[in-house]
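As stored in my_file19.json (JSON, C-alpha atoms and all ligand atoms):
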[["chain", "number", "residue", "atom", "x", "y", "z"],
["A", 1, "MET", "CA", 59.72, -126.37, 63.69],
["A", 2, "THR", "CA", 60.68, -124.82, 60.34],
["A", 3, "ALA", "CA", 62.03, -126.88, 57.42],
["A", 4, "ALA", "CA", 65.36, -125.06, 57.79],
["A", 5, "LEU", "CA", 65.67, -126.01, 61.48],
["A", 6, "LEU", "CA", 64.81, -129.62, 60.67],
["A", 7, "ASP", "CA", 67.60, -129.72, 58.06],
["A", 8, "GLU", "CA", 70.05, -128.10, 60.50],
["A", 9, "PHE", "CA", 69.11, -130.65, 63.18],
["A", 10, "LYS", "CA", 69.58, -133.56, 60.74],
["A", 11, "ASP", "CA", 72.95, -132.16, 59.60],
["A", 12, "ALA", "CA", 74.06, -131.76, 63.21],
["A", 13, "MET", "CA", 73.06, -135.32, 64.09],
["A", 14, "ALA", "CA", 74.89, -136.62, 61.00],
["A", 15, "THR", "CA", 78.13, -135.43, 62.65],
["A", 16, "LEU", "CA", 77.48, -137.76, 65.60],
["A", 17, "ALA", "CA", 79.07, -141.16, 64.91],
["A", 18, "GLY", "CA", 76.93, -144.07, 66.01],
["A", 19, "GLY", "CA", 77.55, -147.78, 66.34],
["A", 20, "VAL", "CA", 75.17, -149.70, 64.10],
["A", 21, "CYS", "CA", 72.91, -152.26, 65.76],
["A", 22, "VAL", "CA", 70.14, -154.62, 64.72],
["A", 23, "VAL", "CA", 67.28, -154.67, 67.23],
["A", 24, "THR", "CA", 65.15, -157.83, 67.23],
["A", 25, "ALA", "CA", 61.94, -159.13, 68.76],
["A", 26, "LEU", "CA", 59.33, -161.81, 68.12],
["A", 27, "ASP", "CA", 55.79, -160.75, 67.29],
["A", 28, "ALA", "CA", 52.71, -162.33, 68.89],
["A", 29, "ASP", "CA", 52.87, -165.22, 66.36],
["A", 30, "GLY", "CA", 56.56, -165.83, 67.04],
["A", 31, "THR", "CA", 57.63, -164.27, 63.74],
["A", 32, "PRO", "CA", 61.01, -162.52, 64.00],
["A", 33, "ARG", "CA", 61.08, -158.77, 63.43],
["A", 34, "GLY", "CA", 64.02, -156.41, 63.42],
["A", 35, "TYR", "CA", 65.44, -153.14, 62.18],
["A", 36, "ALA", "CA", 68.80, -151.36, 61.93],
["A", 37, "ALA", "CA", 69.38, -148.75, 64.62],
["A", 38, "THR", "CA", 71.98, -146.29, 65.79],
["A", 39, "SER", "CA", 69.85, -144.78, 68.54],
["A", 40, "VAL", "CA", 70.85, -147.25, 71.25],
["A", 41, "THR", "CA", 72.04, -145.86, 74.57],
["A", 42, "SER", "CA", 72.94, -147.24, 77.97],
["A", 43, "VAL", "CA", 70.80, -145.60, 80.64],
["A", 44, "SER", "CA", 71.58, -147.13, 84.04],
["A", 45, "MET", "CA", 74.03, -149.60, 85.56],
["A", 46, "ARG", "CA", 72.03, -150.54, 88.69],
["A", 47, "PRO", "CA", 69.72, -151.86, 87.42],
["A", 48, "PRO", "CA", 71.23, -152.32, 83.96],
["A", 49, "LEU", "CA", 68.96, -150.41, 81.57],
["A", 50, "LEU", "CA", 69.28, -149.39, 77.95],
["A", 51, "LEU", "CA", 67.01, -147.62, 75.53],
["A", 52, "VAL", "CA", 66.41, -147.79, 71.83],
["A", 53, "CYS", "CA", 64.44, -145.23, 69.84],
["A", 54, "GLN", "CA", 62.17, -146.43, 67.07],
["A", 55, "ALA", "CA", 60.23, -144.38, 64.53],
["A", 56, "LYS", "CA", 56.48, -144.75, 64.83],
["A", 57, "SER", "CA", 56.47, -145.08, 61.04],
["A", 58, "SER", "CA", 58.42, -148.36, 61.23],
["A", 59, "SER", "CA", 56.43, -151.39, 60.07],
["A", 60, "SER", "CA", 57.43, -153.18, 63.29],
["A", 61, "TYR", "CA", 56.67, -150.31, 65.68],
["A", 62, "GLU", "CA", 53.65, -151.97, 67.32],
["A", 63, "VAL", "CA", 55.57, -155.22, 67.74],
["A", 64, "PHE", "CA", 58.42, -153.53, 69.61],
["A", 65, "ALA", "CA", 56.09, -151.24, 71.55],
["A", 66, "ARG", "CA", 54.38, -154.33, 73.03],
["A", 67, "CYS", "CA", 57.06, -157.04, 73.03],
["A", 68, "SER", "CA", 58.14, -158.62, 76.30],
["A", 69, "ARG", "CA", 61.77, -159.13, 75.24],
["A", 70, "PHE", "CA", 64.04, -157.56, 72.66],
["A", 71, "GLY", "CA", 67.61, -158.11, 71.55],
["A", 72, "VAL", "CA", 70.30, -155.62, 70.58],
["A", 73, "ASN", "CA", 73.03, -156.82, 68.22],
["A", 74, "VAL", "CA", 76.03, -154.48, 67.98],
["A", 75, "LEU", "CA", 77.30, -155.05, 64.44],
["A", 76, "ALA", "CA", 80.86, -155.68, 63.32],
["A", 77, "ALA", "CA", 82.38, -153.75, 60.40],
["A", 78, "GLU", "CA", 82.06, -156.90, 58.26],
["A", 79, "GLN", "CA", 78.28, -156.89, 58.80],
["A", 80, "VAL", "CA", 77.52, -153.85, 56.65],
["A", 81, "GLU", "CA", 75.31, -155.90, 54.31],
["A", 82, "LEU", "CA", 73.30, -157.12, 57.28],
["A", 83, "ALA", "CA", 72.83, -153.51, 58.40],
["A", 84, "ALA", "CA", 71.62, -152.49, 54.94],
["A", 85, "LEU", "CA", 69.22, -155.45, 54.82],
["A", 86, "PHE", "CA", 67.70, -154.48, 58.16],
["A", 87, "ALA", "CA", 67.13, -150.95, 56.90],
["A", 88, "THR", "CA", 65.44, -152.06, 53.65],
["A", 89, "PRO", "CA", 61.64, -151.87, 53.79],
["A", 90, "GLY", "CA", 59.93, -155.08, 52.72],
["A", 91, "ALA", "CA", 63.12, -157.18, 52.67],
["A", 92, "ASP", "CA", 63.21, -160.74, 54.02],
["A", 93, "ARG", "CA", 65.44, -159.82, 56.94],
["A", 94, "PHE", "CA", 65.80, -163.18, 58.67],
["A", 95, "GLY", "CA", 65.87, -165.75, 55.85],
["A", 96, "GLY", "CA", 69.38, -167.22, 55.79],
["A", 97, "THR", "CA", 70.93, -164.43, 57.84],
["A", 98, "GLY", "CA", 71.98, -166.67, 60.71],
["A", 99, "PHE", "CA", 70.15, -165.21, 63.69],
["A", 100, "GLU", "CA", 69.79, -167.67, 66.56],
["A", 101, "PRO", "CA", 67.63, -167.76, 69.69],
["A", 102, "GLY", "CA", 69.31, -166.26, 72.75],
["A", 103, "GLU", "CA", 68.80, -167.56, 76.28],
["A", 104, "HIS", "CA", 66.03, -165.07, 77.08],
["A", 105, "GLY", "CA", 63.69, -165.21, 74.12],
["A", 106, "THR", "CA", 65.41, -162.80, 71.75],
["A", 107, "LEU", "CA", 67.30, -163.28, 68.48],
["A", 108, "LEU", "CA", 71.04, -162.77, 68.39],
["A", 109, "HIS", "CA", 73.56, -162.93, 65.56],
["A", 110, "PRO", "CA", 76.70, -164.98, 66.21],
["A", 111, "GLY", "CA", 78.83, -162.54, 64.19],
["A", 112, "ALA", "CA", 77.81, -159.47, 66.19],
["A", 113, "LEU", "CA", 80.32, -157.77, 68.50],
["A", 114, "ALA", "CA", 77.75, -157.82, 71.28],
["A", 115, "GLY", "CA", 74.41, -159.47, 71.85],
["A", 116, "ILE", "CA", 72.30, -157.90, 74.58],
["A", 117, "GLU", "CA", 69.02, -159.44, 75.70],
["A", 118, "CYS", "CA", 66.48, -157.18, 77.37],
["A", 119, "ARG", "CA", 63.14, -157.40, 79.06],
["A", 120, "ARG", "CA", 61.03, -154.48, 77.90],
["A", 121, "ARG", "CA", 60.28, -152.31, 80.91],
["A", 122, "ASP", "CA", 58.49, -149.40, 79.30],
["A", 123, "THR", "CA", 57.69, -147.71, 76.03],
["A", 124, "VAL", "CA", 57.79, -143.94, 76.29],
["A", 125, "ASP", "CA", 56.11, -141.68, 73.75],
["A", 126, "ALA", "CA", 58.57, -139.18, 72.24],
["A", 127, "GLY", "CA", 57.29, -137.18, 69.28],
["A", 128, "ASP", "CA", 57.40, -139.28, 66.11],
["A", 129, "HIS", "CA", 59.46, -141.96, 67.91],
["A", 130, "GLY", "CA", 58.96, -144.32, 70.82],
["A", 131, "LEU", "CA", 61.65, -144.95, 73.44],
["A", 132, "LEU", "CA", 61.92, -148.58, 74.35],
["A", 133, "LEU", "CA", 63.42, -148.98, 77.80],
["A", 134, "GLY", "CA", 64.86, -152.42, 78.43],
["A", 135, "GLU", "CA", 66.29, -154.14, 81.48],
["A", 136, "VAL", "CA", 69.33, -156.18, 80.48],
["A", 137, "CYS", "CA", 68.94, -159.92, 81.17],
["A", 138, "ALA", "CA", 72.17, -161.06, 79.53],
["A", 139, "ALA", "CA", 75.01, -159.63, 77.46],
["A", 140, "ARG", "CA", 77.80, -161.31, 75.53],
["A", 141, "THR", "CA", 80.66, -159.95, 73.44],
["A", 142, "CYS", "CA", 83.06, -161.04, 70.68],
["A", 143, "PRO", "CA", 86.26, -159.31, 69.58],
["A", 144, "GLY", "CA", 86.25, -157.27, 66.37],
["A", 145, "ASP", "CA", 85.91, -153.83, 64.82],
["A", 146, "PRO", "CA", 82.59, -151.98, 65.02],
["A", 147, "LEU", "CA", 80.42, -150.82, 62.15],
["A", 148, "VAL", "CA", 79.90, -147.07, 62.48],
["A", 149, "TYR", "CA", 77.44, -144.72, 60.76],
["A", 150, "HIS", "CA", 78.74, -141.18, 60.36],
["A", 151, "GLY", "CA", 78.10, -138.45, 57.82],
["A", 152, "ARG", "CA", 75.29, -140.58, 56.34],
["A", 153, "CYS", "CA", 77.85, -143.33, 55.46],
["A", 154, "TYR", "CA", 78.90, -146.65, 56.92],
["A", 155, "GLN", "CA", 82.46, -146.41, 58.21],
["A", 156, "ARG", "CA", 85.13, -148.22, 60.20],
["A", 157, "VAL", "CA", 86.86, -146.66, 63.17],
["A", 158, "ARG", "CA", 90.48, -145.62, 62.78],
["A", 159, "PRO", "CA", 92.99, -145.05, 65.58],
["A", 160, "VAL", "CA", 93.71, -141.37, 66.28],
["A", 201, "LIG", "C1", 72.46, -146.68, 59.95],
["A", 201, "LIG", "C2", 70.99, -146.66, 60.22],
["A", 201, "LIG", "C3", 70.53, -146.39, 61.50],
["A", 201, "LIG", "C4", 69.16, -146.36, 61.77],
["A", 201, "LIG", "N1", 68.74, -146.11, 63.05],
["A", 201, "LIG", "C5", 67.42, -146.14, 63.32],
["A", 201, "LIG", "C6", 66.97, -145.94, 64.65],
["A", 201, "LIG", "O1", 67.75, -145.74, 65.58],
["A", 201, "LIG", "N2", 65.62, -145.99, 64.86],
["A", 201, "LIG", "C7", 64.71, -146.21, 63.85],
["A", 201, "LIG", "O2", 63.52, -146.24, 64.10],
["A", 201, "LIG", "N3", 65.13, -146.41, 62.59],
["A", 201, "LIG", "C8", 66.46, -146.38, 62.31],
["A", 201, "LIG", "N4", 66.89, -146.61, 61.03],
["A", 201, "LIG", "C9", 65.90, -146.86, 60.00],
["A", 201, "LIG", "C10", 65.37, -148.27, 60.04],
["A", 201, "LIG", "O3", 66.35, -149.28, 60.09],
["A", 201, "LIG", "C11", 64.53, -148.44, 58.76],
["A", 201, "LIG", "O4", 63.88, -147.26, 58.45],
["A", 201, "LIG", "C12", 63.45, -149.36, 58.95],
["A", 201, "LIG", "O5", 63.98, -150.60, 59.24],
["A", 201, "LIG", "C13", 62.59, -149.38, 57.66],
["A", 201, "LIG", "O6", 61.88, -150.53, 57.54],
["A", 201, "LIG", "P1", 60.66, -150.96, 58.45],
["A", 201, "LIG", "O7", 59.66, -149.87, 58.39],
["A", 201, "LIG", "O8", 60.18, -152.21, 57.83],
["A", 201, "LIG", "O9", 61.22, -151.17, 59.81],
["A", 201, "LIG", "C14", 68.24, -146.62, 60.75],
["A", 201, "LIG", "C15", 68.70, -146.90, 59.44],
["A", 201, "LIG", "C16", 70.06, -146.92, 59.19],
["A", 201, "LIG", "C17", 70.56, -147.24, 57.80]]

Write out the structure in this file as structure tokens.
Amino acid sequence: MTAALLDEFKDAMATLAGGVCVVTALDADGTPRGYAATSVTSVSMRPPLLLVCQAKSSSSYEVFARCSRFGVNVLAAEQVELAALFATPGADRFGGTGFEPGEHGTLLHPGALAGIECRRRDTVDAGDHGLLLGEVCAARTCPGDPLVYHGRCYQRVRPV
């Protein structure tokens, strides 16, 4: 892979709009961990499976690679500060941010458009990332507008 191809790949992926999520899990001591993510994809309906991709360089990579449960919070447009916090290395991401325990051992935010609880089924090695495959245990939704990341900026969706 040349540096030019890497830049072209990054530029191409920046054209792909993604809903912004916060992915959460508890570490072995029960300490909450989480990070902002756009690489969240539904995989299967029967059984209900989704995957999230996490960089191996993330400080919480080993926690997610081994967790038994993880949560996916689909953020609302009003939650842009929460997204930025969960992408800031070293920040206190859970102090006063309002995450609450879900029914299946994950952490969900009451202001999120969707809260999806998963049992981790597998972690698949994929280059400098890991693919976390989760089986959905529960999913809830709230009305609202999504927070979108496109062109390296946070955006709202507009009707066409
Ligand atoms: C909009 C947005 C989307 C992101 N999506 C992902 C992602 O899908 N996977 C990932 O590993 N990191 C993603 N990141 C980066 C992580 O949120 C961030 O690098 C990480 O939380 C850094 O801190 P940490 O090493 O303590 O986790 C994204 C960041 C932003 C701002």

**Item:** Minimum-distance residue to ligand LIG 201 (chain A), chosen among A:Val157, A:Met1, A:Cys142, A:Ala87 (using all atoms listed in the file)
**Value:**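 Checking each of A:Val157, A:Met1, A:Cys142, A:Ala87 against ligand LIG 201 (chain A), counting all atoms listed in the file, the winner is A:Ala87.
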
**Asked** Within 7 Å of ligand LIG 201 (chain A), counting only C-alpha atoms and all ligand atoms: which residues, as number ranges by chain?
**Response** A: 20, 34-40, 52-55, 57-60, 83-84, 86-90, 149

**Asked** Just how far from CA of Val124 (chain A) is CA of Thr106 (chain A), in Å to one decimal?
**Response**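 CA of Val124 (chain A) lies at a distance of 20.8 Å from CA of Thr106 (chain A).
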
**Complete:** Leu26 (chain A) proximity check over A:Gly151, A:Gly127, A:Pro47, A:Gly105, using only C-alpha atoms: winner is A:Gly105

**Request:** Give the answer as one residue: which of A:Val22, A:Cys67, A:Ala14, A:Val148 has the shortest atom-to-atom distance to His109 (chain A), using all atoms listed in the file?
**Result:** A:Val22

**Request:** Please identify all polymer residues lying at most 8 Å from the point (62.0, -156.6, 71.4) (file coordinates), using all atoms listed in the file, and present the result as an NGL selection string.
**Result:** :A and (23-26 or 63-65 or 67-71 or 106 or 118-120)

**Asked** Which of these residues is nearest to Cys137 (chain A), using all atoms listed in the file: A:Ile116, A:Ala3, A:Cys153, A:Leu107?
**Response**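 The shortest atom-to-atom distance to Cys137 (chain A) comes from A:Ile116.
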